[in-house]
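Asker: For reference, the structure I am asking about is given below.
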Amino acid sequence: MSTRPTQVKNLKTLDALRAHLDALGVTIPLADAVDPQGVLASPTEVVDGSAGAIPVANRFAVLPMEGWDGTNDGRPTDLVRRRWTRFGASGCGLVWGEATAVRPDGRANPNQLVLDESTADDIAELRGLLRPGQVAALQLTHSGRWSRPEGAPAPRTAYRHPELDDRSAADTGSVLSDADLDELVERYVAAAVLAQQAGFELVDVKHCHGYLLHELLSGRDRPGAYGGDLDGRTRFLRAVVTGIRDRAPGLAVAVRLSAFDLRPFVPGPGGVGVPATDGPYPHAFGGDGTGLGIDLTEVHAFLALLEELGVGLVSTTAGSPYYNPHVQRPAFFPPSDGYQPPEDPLVGVARQLAVTAELAAAHPSLTIVGSGYSYLQDWLPHAAQAVVAGGGASLVGLGRMVLSYPELAADVLAGRPLERGLVCRTFSDCTTAPRNGLVSGCYPLDPFYKEHPQRVDLTQAKRAAKARLRDG
């Protein structure tokens with residue numbers, strides 16, 4: 001795109017937003033008014049094959065995010081506890097806790113949480129910071145290709161990737177063997193047992209954002225038991241769920257899924273994102289083979305498998321923050337190491353909402369949490385009400401928005417006006433800071449992080465990034 005898109009905050013009325021969406025040629029459901037006692041306040045439930053029906057008090061959920069502020073051995077710090085306390089104050093019926101590595105070498109950064117026998121009691125303290133009645137899930141992850149447990153790349157990949165191996169410093173020795181994956185299955189199951197003991201009602205076997213299990217889903221060329229057809233590419237998931245059912249009965253299983261993916265993007269002319277290559281691209285799960293289109297055939301088959309396994313909760317997302325962030329997280333302001341959006345971010349929001357609605361309609365037994373809402377900013381509640389009322393999702397997930405404005409859901413459900421000074425404007429500092437080795441948080445809007453000493457370092461890092469872009 002040759003010009004910058006219109007910022008959502010400058011669309012002052014619903015009519016202005018609708019006119020802008022019409023000009024873009026996309027649709028986002030929007031309610032004329034938000035009813036605090038309406039569908040967003042209504043209860044729902046997650047039906048799991050082992051845990052049974054788990055009631056959820058309302059239709060808001062905190063989405064899992066990756067923290068960069070734990071200890072070097074994977075324990076929570078005061079900053080992590082502050083974040084979880086704010087999750088508790090959010091008013092959300094479901095708190096889907098942050099990305100937690102199942103073993104230290106699977107961390108995406110040196111300060112990511114790790115769940116093992118040595119940290120389990122500390123992770124249990126986080127569950128205790130939530131409010132009575134909130135349902136809690138914990139996301140279990142291995143970062144795979146994007147592992148940086150000591151700060152330097154230490155990738156473990158599902159297969160050799162012609163476009164991403166150079167980006168992630170991967171080589172032949174980075175590819176996990178079938179025996180490695182067999183061992184990792186056991187680690188996921190053991191972590192799930194610990195999560196149940198820590199008081200979590202659900203664990204998420206994470207399949208999104210280019211991390212290991214998401215990459216396995218596109219491993220069509222991978223030889224052996226964990227590649228090839230969809231049966232092989234989902235073998236890891238089936239083994240983990242079977243192990244959890246056996247060793248942690250009563251613990252519900254969830255999956256966060258990148259429901260579609262596109263090929264990697266890079267900065268092009270003017271810093272605007274462009275595809276890194278052209279030609280066929282078979283490495284996108286939920287893609288149509290071109291690298292730029294969507295085909296949900298295998299995604300529907302994957303959700304049907306989840307239904308067979310008794311998994312009742314799914315959170316949809318898309319793409320990866322590492323190689324196509326405009327697909328994964330629509331934003332007006334990109335991270336310092338990213339690129340300017342190649343489309344109006346509202347197009348990305350509409351794309352995620354439409355895919356989620358299609359999946360929800362085809363799999364009504366699943367409780368589906370949608371994402372991509374934060375870019376809607378002041379109009380988020382209007383979209384949330386319309387989507388849930390129309391069956392486009394069971395719950396509305398809040399990610400970045402919770403970092404700046406944790407009480408948004410509570411305010412909506414109480415009929416209070418939004419505090420516009422806290423509404424996330426997608427400045428992306430919550431990504432730029434940790435990409436530069438700084439703690440995660442909303443530096444522009446959260447008063448705590450506005451005064452944090454590392455804000456000075458963040459400002460310097462952003463200036464350096466601008467200089468690099470200017471100098472080519």
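As shown in the structure tokens, the chain order sets the letters A, B, ...; within each chain, residues go from 1, and ligands are also counted from 1 in the order they appear.
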Please provide the set of residues having any atom within 8 Å of segment 410-414 of chain A, restricted to only C-alpha atoms, with same-chain residues fewer than 5 positions apart removed, written as a list of chain:residue names.
Answerer: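 Close residues of segment 410-414 of chain A: A:Pro36, A:Gln37, A:Leu40, A:Ala41, A:Ala89, A:Ser90, A:Gly91, A:Cys92, A:Pro381.
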Asker: Once DSSP has gone over the backbone, tell me which residues of segment 214-389 of chain A are in helix (DSSP H, G or I), as a PyMOL selection string.
Answerer: chain A and resi 214-217+230-233+235-247+269-271+297-309+325-328+345-362+374-389
Asker: Find the residues near Pro29 of chain A: any atom within 9 Å, counting only C-alpha atoms, skip ones fewer than 5 places away on the same chain, and give them as an mmCIF file with C-alpha atoms, in the first residue's frame.
Answerer:
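Below you can see result_19.cif, which holds the result:
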```cif
data_model
loop_
_atom_site.group_PDB
_atom_site.id
_atom_site.type_symbol
_atom_site.label_atom_id
_atom_site.label_comp_id
_atom_site.auth_asym_id
_atom_site.auth_seq_id
_atom_site.Cartn_x
_atom_site.Cartn_y
_atom_site.Cartn_z
ATOM 1 C CA ALA A 350 -11.743 -9.131 9.253
ATOM 2 C CA LEU A 353 -12.929 -13.031 12.362
ATOM 3 C CA HIS A 382 -19.433 -3.496 19.536
ATOM 4 C CA ALA A 383 -17.680 -6.164 17.476
ATOM 5 C CA ALA A 384 -17.536 -8.548 20.438
ATOM 6 C CA GLN A 385 -21.278 -8.366 20.990
ATOM 7 C CA ALA A 386 -22.105 -8.799 17.311
ATOM 8 C CA VAL A 387 -19.718 -11.722 16.807
ATOM 9 C CA GLY A 390 -24.110 -14.161 15.584
#
```
Asker: When you look at Pro43 of chain A with a cut-off of 6 Å (counting only C-alpha atoms), what residues show up, excluding the ones that are within fewer than 2 positions of it in the same chain? I need them as an MDAnalysis selection string.
Answerer: chainID A and resid 56:58
Asker: Please write the residues from the selection above to a file, keeping N, CA and C atoms, as a PDB file, in the first residue's frame.
Answerer:
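Here's the written file result_35.pdb:
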```pdb
ATOM      1  N   VAL A  56     -18.204 -21.240  32.292  1.00  0.00           N
ATOM      2  CA  VAL A  56     -17.474 -19.989  32.119  1.00  0.00           C
ATOM      3  C   VAL A  56     -18.463 -18.849  32.302  1.00  0.00           C
ATOM      4  N   ALA A  57     -18.136 -17.893  33.159  1.00  0.00           N
ATOM      5  CA  ALA A  57     -19.126 -16.928  33.637  1.00  0.00           C
ATOM      6  C   ALA A  57     -19.570 -15.925  32.583  1.00  0.00           C
ATOM      7  N   ASN A  58     -18.697 -15.574  31.627  1.00  0.00           N
ATOM      8  CA  ASN A  58     -19.058 -14.595  30.607  1.00  0.00           C
ATOM      9  C   ASN A  58     -18.262 -14.874  29.338  1.00  0.00           C
TER      10      ASN A  58
END
```
Asker: With only C-alpha atoms as the counted atoms, please give the residues lying no more than 6 Å from Val274 of chain A, apart from itself and same-chain residues fewer than 4 positions off, as a compact mmCIF listing (two decimals) with all heavy atoms, in the first residue's frame.
Answerer:
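around.txt was written with the following content:
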```
# COMPACT_ATOMS: atom_id res chain seq x y z
N PHE A 265 7.17 -12.64 5.19
CA PHE A 265 7.25 -11.31 4.61
C PHE A 265 8.54 -10.63 5.08
O PHE A 265 9.10 -10.97 6.13
CB PHE A 265 6.05 -10.46 5.03
CG PHE A 265 4.82 -10.66 4.17
CD1 PHE A 265 4.20 -11.90 4.09
CD2 PHE A 265 4.28 -9.61 3.46
CE1 PHE A 265 3.08 -12.10 3.30
CE2 PHE A 265 3.15 -9.78 2.67
CZ PHE A 265 2.54 -11.02 2.59
N VAL A 266 8.99 -9.64 4.30
CA VAL A 266 10.16 -8.84 4.63
C VAL A 266 9.86 -7.39 4.28
O VAL A 266 8.94 -7.11 3.50
CB VAL A 266 11.41 -9.32 3.84
CG1 VAL A 266 11.80 -10.73 4.26
CG2 VAL A 266 11.17 -9.24 2.34
N GLY A 268 9.89 -4.15 2.26
CA GLY A 268 10.12 -3.81 0.87
C GLY A 268 10.30 -2.31 0.71
O GLY A 268 10.70 -1.62 1.66
```
Asker: A:Thr277, A:Gly270, A:Ala467, A:Ala179: which is nearest Ala225 of chain A, counting only C-alpha atoms?
Answerer: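 Checking each of A:Thr277, A:Gly270, A:Ala467, A:Ala179 against Ala225 of chain A, counting only C-alpha atoms, the winner is A:Ala179.
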Asker: Calculated over only C-alpha atoms, which of the candidates A:Ala170, A:Gln340, A:Thr44, A:Asp378 has the smallest distance to Pro417 of chain A?
Answerer: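 For Pro417 of chain A, the nearest of the candidates is A:Asp378.
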